[in-house]
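Participant: So here's my_file_28.tsv, just TSV, C-alpha atoms:
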```tsv
chain	number	residue	atom	x	y	z
G	1	MET	CA	0.00	0.00	0.00
G	2	THR	CA	1.48	3.35	-1.02
G	3	ASN	CA	1.22	6.51	1.02
G	4	LYS	CA	-1.35	7.90	-1.43
G	5	GLN	CA	-3.66	5.01	-0.61
G	6	LEU	CA	-3.48	5.35	3.16
G	7	PRO	CA	-6.69	6.43	4.89
G	8	GLU	CA	-7.07	9.84	6.42
G	9	ILE	CA	-6.55	10.27	10.15
G	10	ASN	CA	-9.47	11.60	12.13
G	11	CYS	CA	-9.76	12.33	15.83
G	12	ASP	CA	-12.69	12.85	18.19
G	13	LEU	CA	-12.13	16.28	19.73
G	14	GLY	CA	-13.93	19.12	21.47
G	15	GLU	CA	-14.29	16.86	24.50
G	16	GLY	CA	-12.45	18.83	27.14
G	17	ILE	CA	-8.94	17.43	26.80
G	18	PRO	CA	-6.17	19.99	27.45
G	19	SER	CA	-3.83	19.14	24.56
G	20	GLU	CA	-5.84	19.63	21.37
G	21	GLU	CA	-3.32	22.03	19.93
G	22	ASN	CA	-0.76	19.20	19.99
G	23	ILE	CA	-3.11	16.84	18.15
G	24	PHE	CA	-4.35	18.93	15.23
G	25	PRO	CA	-1.04	19.03	13.31
G	26	TRP	CA	-1.06	15.24	12.92
G	27	ILE	CA	-4.65	14.65	11.76
G	28	ASP	CA	-6.66	15.34	8.61
G	29	ALA	CA	-10.12	15.80	10.11
G	30	ALA	CA	-11.68	16.35	13.52
G	31	SER	CA	-15.08	15.17	14.75
G	32	ILE	CA	-16.23	17.81	17.22
G	33	ALA	CA	-18.55	17.03	20.15
G	34	CYS	CA	-21.66	19.17	19.89
G	35	GLY	CA	-23.50	18.94	23.17
G	36	GLY	CA	-24.85	15.41	23.50
G	37	HIS	CA	-22.08	13.74	25.48
G	38	TYR	CA	-19.93	16.85	25.87
G	39	GLY	CA	-19.58	20.37	24.59
G	40	ASP	CA	-21.27	23.72	24.16
G	41	ARG	CA	-20.97	26.72	21.89
G	42	SER	CA	-17.71	27.81	23.52
G	43	SER	CA	-15.97	24.43	23.32
G	44	ILE	CA	-17.04	23.97	19.69
G	45	TYR	CA	-15.73	27.43	18.86
G	46	GLN	CA	-12.35	26.80	20.51
G	47	SER	CA	-11.86	23.50	18.68
G	48	LEU	CA	-12.88	25.01	15.37
G	49	LEU	CA	-10.41	27.85	15.86
G	50	LEU	CA	-7.65	25.26	16.17
G	51	ALA	CA	-8.90	23.47	13.08
G	52	LYS	CA	-8.81	26.79	11.25
G	53	LYS	CA	-5.28	27.51	12.50
G	54	PHE	CA	-3.95	24.18	11.25
G	55	GLY	CA	-6.08	23.95	8.11
G	56	LYS	CA	-8.02	20.81	9.04
G	57	LYS	CA	-11.45	19.55	8.03
G	58	VAL	CA	-14.21	19.30	10.62
G	59	GLY	CA	-17.28	17.19	11.15
G	60	ALA	CA	-20.02	16.96	13.75
G	61	HIS	CA	-19.94	14.30	16.48
G	62	PRO	CA	-23.48	13.93	17.89
G	63	SER	CA	-24.38	11.29	20.46
G	64	TYR	CA	-27.00	10.05	22.83
G	65	PRO	CA	-27.95	13.00	25.11
G	66	ASP	CA	-26.03	11.57	28.07
G	67	ARG	CA	-23.34	13.74	29.57
G	68	GLU	CA	-23.29	11.73	32.78
G	69	ASN	CA	-21.84	8.68	31.01
G	70	PHE	CA	-20.03	10.61	28.25
G	71	GLY	CA	-22.33	8.98	25.73
G	72	ARG	CA	-20.65	5.62	26.22
G	73	GLN	CA	-23.66	3.73	27.56
G	74	SER	CA	-26.84	2.79	25.76
G	75	ILE	CA	-29.81	4.68	27.17
G	76	PRO	CA	-33.58	4.20	26.88
G	77	ILE	CA	-34.80	6.85	24.47
G	78	SER	CA	-37.43	6.88	21.73
G	79	ASN	CA	-36.27	7.28	18.15
G	80	GLU	CA	-38.29	10.50	17.95
G	81	ASP	CA	-36.59	12.04	21.00
G	82	LEU	CA	-33.18	10.86	19.81
G	83	ILE	CA	-33.60	12.44	16.38
G	84	GLN	CA	-34.77	15.68	18.02
G	85	SER	CA	-31.63	15.70	20.18
G	86	ILE	CA	-29.38	15.00	17.20
G	87	GLN	CA	-31.04	17.81	15.25
G	88	THR	CA	-30.38	20.19	18.15
G	89	GLN	CA	-26.75	19.09	18.39
G	90	LEU	CA	-26.13	19.47	14.67
G	91	HIS	CA	-27.85	22.85	14.60
G	92	LEU	CA	-25.54	24.12	17.33
G	93	PHE	CA	-22.47	22.81	15.55
G	94	LEU	CA	-23.49	24.33	12.23
G	95	GLU	CA	-24.23	27.71	13.78
G	96	VAL	CA	-20.66	27.93	15.08
G	97	ALA	CA	-19.11	26.36	11.98
G	98	ASN	CA	-20.93	28.76	9.66
G	99	ASP	CA	-19.70	31.72	11.69
G	100	LEU	CA	-16.14	30.53	11.02
G	101	ASP	CA	-16.80	29.71	7.34
G	102	PHE	CA	-16.39	25.96	7.73
G	103	THR	CA	-18.01	23.41	5.45
G	104	LEU	CA	-19.38	20.32	7.19
G	105	ASP	CA	-16.97	17.56	6.12
G	106	HIS	CA	-18.78	14.62	7.73
G	107	ILE	CA	-21.09	13.36	10.45
G	108	LYS	CA	-19.90	10.75	12.92
G	109	PHE	CA	-22.04	9.37	15.68
G	110	HIS	CA	-20.37	8.93	19.06
G	111	GLY	CA	-19.83	6.13	21.53
G	112	ALA	CA	-22.77	3.90	22.37
G	113	LEU	CA	-24.91	5.45	19.64
G	114	TYR	CA	-22.26	4.59	17.04
G	115	ASN	CA	-21.98	1.03	18.35
G	116	ASP	CA	-25.74	0.48	18.75
G	117	ALA	CA	-26.45	1.70	15.23
G	118	ALA	CA	-23.82	-0.68	13.90
G	119	LYS	CA	-25.88	-3.70	14.97
G	120	ARG	CA	-29.48	-2.50	15.47
G	121	VAL	CA	-31.40	-2.34	12.21
G	122	ASP	CA	-34.20	-0.17	13.65
G	123	LEU	CA	-31.79	2.43	14.98
G	124	ALA	CA	-29.67	2.44	11.83
G	125	ALA	CA	-32.86	2.85	9.77
G	126	SER	CA	-34.01	5.81	11.87
G	127	LEU	CA	-30.63	7.55	11.65
G	128	THR	CA	-30.19	6.99	7.93
G	129	ASN	CA	-33.74	8.19	7.20
G	130	PHE	CA	-32.96	11.36	9.14
G	131	LEU	CA	-29.68	11.87	7.29
G	132	LEU	CA	-31.32	11.23	3.93
G	133	LYS	CA	-33.83	14.03	4.60
G	134	THR	CA	-31.44	16.56	6.14
G	135	PHE	CA	-27.83	15.85	5.07
G	136	PRO	CA	-28.05	13.68	1.94
G	137	GLN	CA	-24.71	14.89	0.55
G	138	THR	CA	-22.67	14.74	3.77
G	139	PRO	CA	-20.43	11.68	4.22
G	140	VAL	CA	-21.22	9.49	7.23
G	141	PHE	CA	-18.47	7.67	9.09
G	142	THR	CA	-19.57	4.03	9.31
G	143	PRO	CA	-18.14	1.00	11.12
G	144	PRO	CA	-17.05	-1.90	8.88
G	145	ASN	CA	-19.60	-4.63	8.16
G	146	SER	CA	-22.30	-2.74	10.05
G	147	GLU	CA	-26.00	-2.05	9.61
G	148	MET	CA	-25.14	1.64	9.24
G	149	GLU	CA	-22.81	0.89	6.37
G	150	ARG	CA	-25.34	-1.39	4.70
G	151	LEU	CA	-28.28	1.02	4.98
G	152	CYS	CA	-26.26	4.07	3.96
G	153	ILE	CA	-25.21	2.28	0.78
G	154	GLU	CA	-28.74	1.02	0.18
G	155	LYS	CA	-30.15	4.56	0.50
G	156	GLY	CA	-27.41	6.26	-1.50
G	157	LEU	CA	-25.82	8.15	1.38
G	158	PRO	CA	-22.10	8.86	0.97
G	159	ILE	CA	-19.93	7.05	3.50
G	160	ARG	CA	-16.37	6.82	4.73
G	161	ARG	CA	-15.61	3.45	6.23
G	162	GLU	CA	-13.93	3.99	9.57
G	163	VAL	CA	-11.51	1.80	11.49
G	164	PHE	CA	-10.40	2.61	15.02
G	165	ALA	CA	-6.63	2.50	15.17
G	166	ASP	CA	-6.59	2.53	18.96
G	167	ARG	CA	-9.32	-0.01	19.75
G	168	ALA	CA	-9.30	-3.83	19.67
G	169	TYR	CA	-11.93	-5.68	17.63
G	170	TYR	CA	-13.86	-8.90	18.09
G	171	SER	CA	-14.17	-11.33	15.19
G	172	ASP	CA	-17.66	-9.97	14.33
G	173	TYR	CA	-16.09	-6.53	13.68
G	174	SER	CA	-17.54	-5.08	16.91
G	175	LEU	CA	-15.31	-3.17	19.31
G	176	VAL	CA	-14.01	-4.92	22.38
G	177	SER	CA	-15.70	-3.46	25.47
G	178	ARG	CA	-13.70	-0.79	27.25
G	179	ASN	CA	-14.14	-2.89	30.42
G	180	ILE	CA	-11.87	-5.58	28.93
G	181	LYS	CA	-8.12	-5.31	29.39
G	182	GLY	CA	-6.41	-4.55	26.10
G	183	SER	CA	-9.47	-2.95	24.51
G	184	LEU	CA	-7.76	0.44	24.26
G	185	LEU	CA	-4.40	0.61	22.52
G	186	SER	CA	-2.37	3.44	23.98
G	187	ASP	CA	1.27	3.04	22.94
G	188	PHE	CA	3.21	3.08	19.68
G	189	GLU	CA	3.94	-0.65	19.61
G	190	SER	CA	0.35	-1.83	20.02
G	191	ILE	CA	-0.96	0.77	17.55
G	192	ASN	CA	1.68	-0.23	15.02
G	193	ARG	CA	0.76	-3.91	15.37
G	194	GLN	CA	-2.84	-2.98	14.55
G	195	LEU	CA	-1.90	-0.84	11.54
G	196	ASP	CA	0.68	-3.08	9.89
G	197	PRO	CA	-1.73	-5.77	8.63
G	198	LEU	CA	-4.36	-3.12	7.90
G	199	PHE	CA	-2.03	-1.17	5.63
G	200	THR	CA	-0.14	-4.09	4.09
G	201	LYS	CA	-2.90	-6.72	3.74
G	202	GLY	CA	-6.19	-4.84	4.18
G	203	GLU	CA	-7.14	-6.72	7.32
G	204	LEU	CA	-7.60	-6.34	11.05
G	205	ILE	CA	-6.51	-9.02	13.49
G	206	SER	CA	-9.28	-9.60	16.00
G	207	ILE	CA	-8.64	-10.13	19.70
G	208	GLU	CA	-9.31	-13.83	19.03
G	209	GLY	CA	-6.62	-13.85	16.32
G	210	VAL	CA	-8.98	-13.96	13.33
G	211	GLN	CA	-8.03	-12.11	10.14
G	212	LEU	CA	-10.82	-9.69	9.21
G	213	PRO	CA	-10.83	-8.25	5.68
G	214	VAL	CA	-11.59	-4.54	5.92
G	215	GLN	CA	-11.56	-1.36	3.88
G	216	ALA	CA	-10.60	1.81	5.72
G	217	ASP	CA	-11.26	5.26	4.28
G	218	THR	CA	-10.58	7.01	7.56
G	219	LEU	CA	-8.68	5.96	10.65
G	220	CYS	CA	-9.74	7.18	14.10
G	221	PHE	CA	-7.74	7.95	17.20
G	222	HIS	CA	-9.63	8.97	20.33
G	223	GLY	CA	-8.79	12.41	21.67
G	224	ASP	CA	-8.92	11.14	25.25
G	225	ASN	CA	-6.51	8.24	24.63
G	226	PRO	CA	-3.93	8.74	27.42
G	227	GLY	CA	-1.02	7.88	25.11
G	228	LEU	CA	-2.07	10.05	22.17
G	229	ASP	CA	0.50	12.80	22.70
G	230	SER	CA	3.31	10.26	22.78
G	231	PHE	CA	2.39	8.04	19.81
G	232	LEU	CA	0.37	10.07	17.29
G	233	SER	CA	3.22	12.04	15.75
G	234	ALA	CA	5.40	8.91	15.58
G	235	ILE	CA	2.65	6.90	13.89
G	236	ARG	CA	1.99	9.69	11.39
G	237	GLN	CA	5.67	9.97	10.52
G	238	THR	CA	6.16	6.22	10.32
G	239	TRP	CA	3.41	5.52	7.79
G	240	TRP	CA	2.46	8.78	6.09
G	241	THR	CA	5.90	10.19	5.24
```
Could the structure of this file be written out as structure tokens, please?
Facilitator:
Amino acid sequence: MTNKQLPEINCDLGEGIPSEENIFPWIDAASIACGGHYGDRSSIYQSLLLAKKFGKKVGAHPSYPDRENFGRQSIPISNEDLIQSIQTQLHLFLEVANDLDFTLDHIKFHGALYNDAAKRVDLAASLTNFLLKTFPQTPVFTPPNSEMERLCIEKGLPIRREVFADRAYYSDYSLVSRNIKGSLLSDFESINRQLDPLFTKGELISIEGVQLPVQADTLCFHGDNPGLDSFLSAIRQTWWT
């Protein structure tokens, strides 16, 4: 795989971490929290200013309305109330982005919402119907081999297939629970072991040791990964230069 064929790097930001200015130089696009799991007008503005400074693309990162659990737990909510919350989150993001002359690069759902929509047909159907009506031309970040990917393609929504560089996978392409040791990869060596087969063979190695064929258009690192400052620049320079 040549450098020109490598996926973009994206990062989930606008989530209150103190070192965003150190992250932006090494990524291509940022997904900015917009009030569901974290964030408000001020935090969105500050992150977008950094994106502007470093010339990076930005997308919206809506989630379940659940600040208490940082959007990382499934919650009981009707599809109608969820869509209303997502509309509110996206409206806030776009208000700030428009003020700074940004174009919406993508939409990426966060945390438990992202994972639930990967496997729940009803939820994926509700989200894709909403996107088809409101953002039919905006790329959606989708997990590999997921219901979101399938329904987006079926409905003609543009997608970017996303792989998490810093998370372990099960053999069904789902993410290993954060409660399991080894689910979060937070050093150069473990990240590099994940990326080598992805970039050279187009496959992920699951936690069970199974080879999973996968296409990656964009590669995510979590902004709150405790090792990000130490490994991100090294990973970028190892593979992308």
Participant: Of the candidates G:Val58, G:Thr128, G:Ala33, G:Ala112, which shows the shortest atom-to-atom distance to G:Gln89, using only C-alpha atoms?
Facilitator: G:Ala33
Participant: Find the residue from G:Lys108, G:Lys56, G:Arg178, G:Lys155 that sits nearest to G:Gln73; use all atoms listed in the file when measuring.
Facilitator: G:Arg178
Participant: Which polymer residues have any atom within 12 Å of an atom of G:Gln194, counting only C-alpha atoms, with same-chain residues fewer than 4 positions away left out, as a ChimeraX atom specification?
Facilitator: /G:163-169,183-190,198-207,209,211-212,219,235
Participant: In Å, rounded to a single decimal, give me how far atom CA of G:Asn22 is from atom CA of G:Asp229.
Facilitator: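 Value for the atom CA of G:Asp229-atom CA of G:Asn22 distance: 7.1 Å.
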Participant: One decimal, Å: what's the distance from atom CA of G:Asn115 over to atom CA of G:Ser230, could you say?
Facilitator: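 Value for the atom CA of G:Asn115-atom CA of G:Ser230 distance: 27.3 Å.
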Participant: With only C-alpha atoms as the counted atoms, please give the residues lying no more than 7 Å from G:Phe141, apart from itself and same-chain residues fewer than 6 positions off, as a PyMOL selection string.
Facilitator: chain G and resi 107-108+159-162
Participant: Where atoms are absent from stretch 136-156 of chain G, fill them in so it carries N, CA and C atoms, then output it as a PDB file, in the coordinates of the input.
Facilitator:
```pdb
ATOM      1  N   PRO G 136     -28.230  14.773   2.905  1.00  0.00           N
ATOM      2  CA  PRO G 136     -28.050  13.680   1.940  1.00  0.00           C
ATOM      3  C   PRO G 136     -26.705  13.681   1.217  1.00  0.00           C
ATOM      4  N   GLN G 137     -25.994  14.807   1.245  1.00  0.00           N
ATOM      5  CA  GLN G 137     -24.710  14.890   0.550  1.00  0.00           C
ATOM      6  C   GLN G 137     -23.508  14.826   1.499  1.00  0.00           C
ATOM      7  N   THR G 138     -23.762  14.716   2.800  1.00  0.00           N
ATOM      8  CA  THR G 138     -22.670  14.740   3.770  1.00  0.00           C
ATOM      9  C   THR G 138     -22.212  13.329   4.096  1.00  0.00           C
ATOM     10  N   PRO G 139     -20.922  13.013   3.913  1.00  0.00           N
ATOM     11  CA  PRO G 139     -20.430  11.680   4.220  1.00  0.00           C
ATOM     12  C   PRO G 139     -20.667  11.298   5.684  1.00  0.00           C
ATOM     13  N   VAL G 140     -21.016  10.041   5.901  1.00  0.00           N
ATOM     14  CA  VAL G 140     -21.220   9.490   7.230  1.00  0.00           C
ATOM     15  C   VAL G 140     -20.089   8.514   7.524  1.00  0.00           C
ATOM     16  N   PHE G 141     -19.472   8.642   8.687  1.00  0.00           N
ATOM     17  CA  PHE G 141     -18.470   7.670   9.090  1.00  0.00           C
ATOM     18  C   PHE G 141     -19.194   6.403   9.570  1.00  0.00           C
ATOM     19  N   THR G 142     -18.877   5.272   8.973  1.00  0.00           N
ATOM     20  CA  THR G 142     -19.570   4.030   9.310  1.00  0.00           C
ATOM     21  C   THR G 142     -18.589   2.950   9.735  1.00  0.00           C
ATOM     22  N   PRO G 143     -18.977   2.128  10.723  1.00  0.00           N
ATOM     23  CA  PRO G 143     -18.140   1.000  11.120  1.00  0.00           C
ATOM     24  C   PRO G 143     -18.147  -0.072  10.021  1.00  0.00           C
ATOM     25  N   PRO G 144     -17.075  -0.851   9.903  1.00  0.00           N
ATOM     26  CA  PRO G 144     -17.050  -1.900   8.880  1.00  0.00           C
ATOM     27  C   PRO G 144     -18.063  -2.998   9.152  1.00  0.00           C
ATOM     28  N   ASN G 145     -18.650  -3.515   8.070  1.00  0.00           N
ATOM     29  CA  ASN G 145     -19.600  -4.630   8.160  1.00  0.00           C
ATOM     30  C   ASN G 145     -20.734  -4.358   9.138  1.00  0.00           C
ATOM     31  N   SER G 146     -21.274  -3.157   9.089  1.00  0.00           N
ATOM     32  CA  SER G 146     -22.300  -2.740  10.050  1.00  0.00           C
ATOM     33  C   SER G 146     -23.628  -2.488   9.345  1.00  0.00           C
ATOM     34  N   GLU G 147     -24.687  -2.419  10.151  1.00  0.00           N
ATOM     35  CA  GLU G 147     -26.000  -2.050   9.610  1.00  0.00           C
ATOM     36  C   GLU G 147     -25.982  -0.616   9.091  1.00  0.00           C
ATOM     37  N   MET G 148     -25.233   0.265   9.739  1.00  0.00           N
ATOM     38  CA  MET G 148     -25.140   1.640   9.240  1.00  0.00           C
ATOM     39  C   MET G 148     -24.499   1.675   7.864  1.00  0.00           C
ATOM     40  N   GLU G 149     -23.448   0.942   7.679  1.00  0.00           N
ATOM     41  CA  GLU G 149     -22.810   0.890   6.370  1.00  0.00           C
ATOM     42  C   GLU G 149     -23.777   0.356   5.320  1.00  0.00           C
ATOM     43  N   ARG G 150     -24.441  -0.750   5.642  1.00  0.00           N
ATOM     44  CA  ARG G 150     -25.340  -1.390   4.700  1.00  0.00           C
ATOM     45  C   ARG G 150     -26.487  -0.465   4.294  1.00  0.00           C
ATOM     46  N   LEU G 151     -27.116   0.179   5.284  1.00  0.00           N
ATOM     47  CA  LEU G 151     -28.280   1.020   4.980  1.00  0.00           C
ATOM     48  C   LEU G 151     -27.875   2.327   4.303  1.00  0.00           C
ATOM     49  N   CYS G 152     -26.740   2.868   4.659  1.00  0.00           N
ATOM     50  CA  CYS G 152     -26.260   4.070   3.960  1.00  0.00           C
ATOM     51  C   CYS G 152     -26.063   3.771   2.474  1.00  0.00           C
ATOM     52  N   ILE G 153     -25.433   2.659   2.182  1.00  0.00           N
ATOM     53  CA  ILE G 153     -25.210   2.280   0.780  1.00  0.00           C
ATOM     54  C   ILE G 153     -26.535   2.031   0.075  1.00  0.00           C
ATOM     55  N   GLU G 154     -27.435   1.326   0.749  1.00  0.00           N
ATOM     56  CA  GLU G 154     -28.740   1.020   0.180  1.00  0.00           C
ATOM     57  C   GLU G 154     -29.529   2.277  -0.165  1.00  0.00           C
ATOM     58  N   LYS G 155     -29.385   3.325   0.686  1.00  0.00           N
ATOM     59  CA  LYS G 155     -30.150   4.560   0.500  1.00  0.00           C
ATOM     60  C   LYS G 155     -29.386   5.633  -0.277  1.00  0.00           C
ATOM     61  N   GLY G 156     -28.170   5.320  -0.691  1.00  0.00           N
ATOM     62  CA  GLY G 156     -27.410   6.260  -1.500  1.00  0.00           C
ATOM     63  C   GLY G 156     -26.712   7.353  -0.720  1.00  0.00           C
TER      64      GLY G 156
END
```
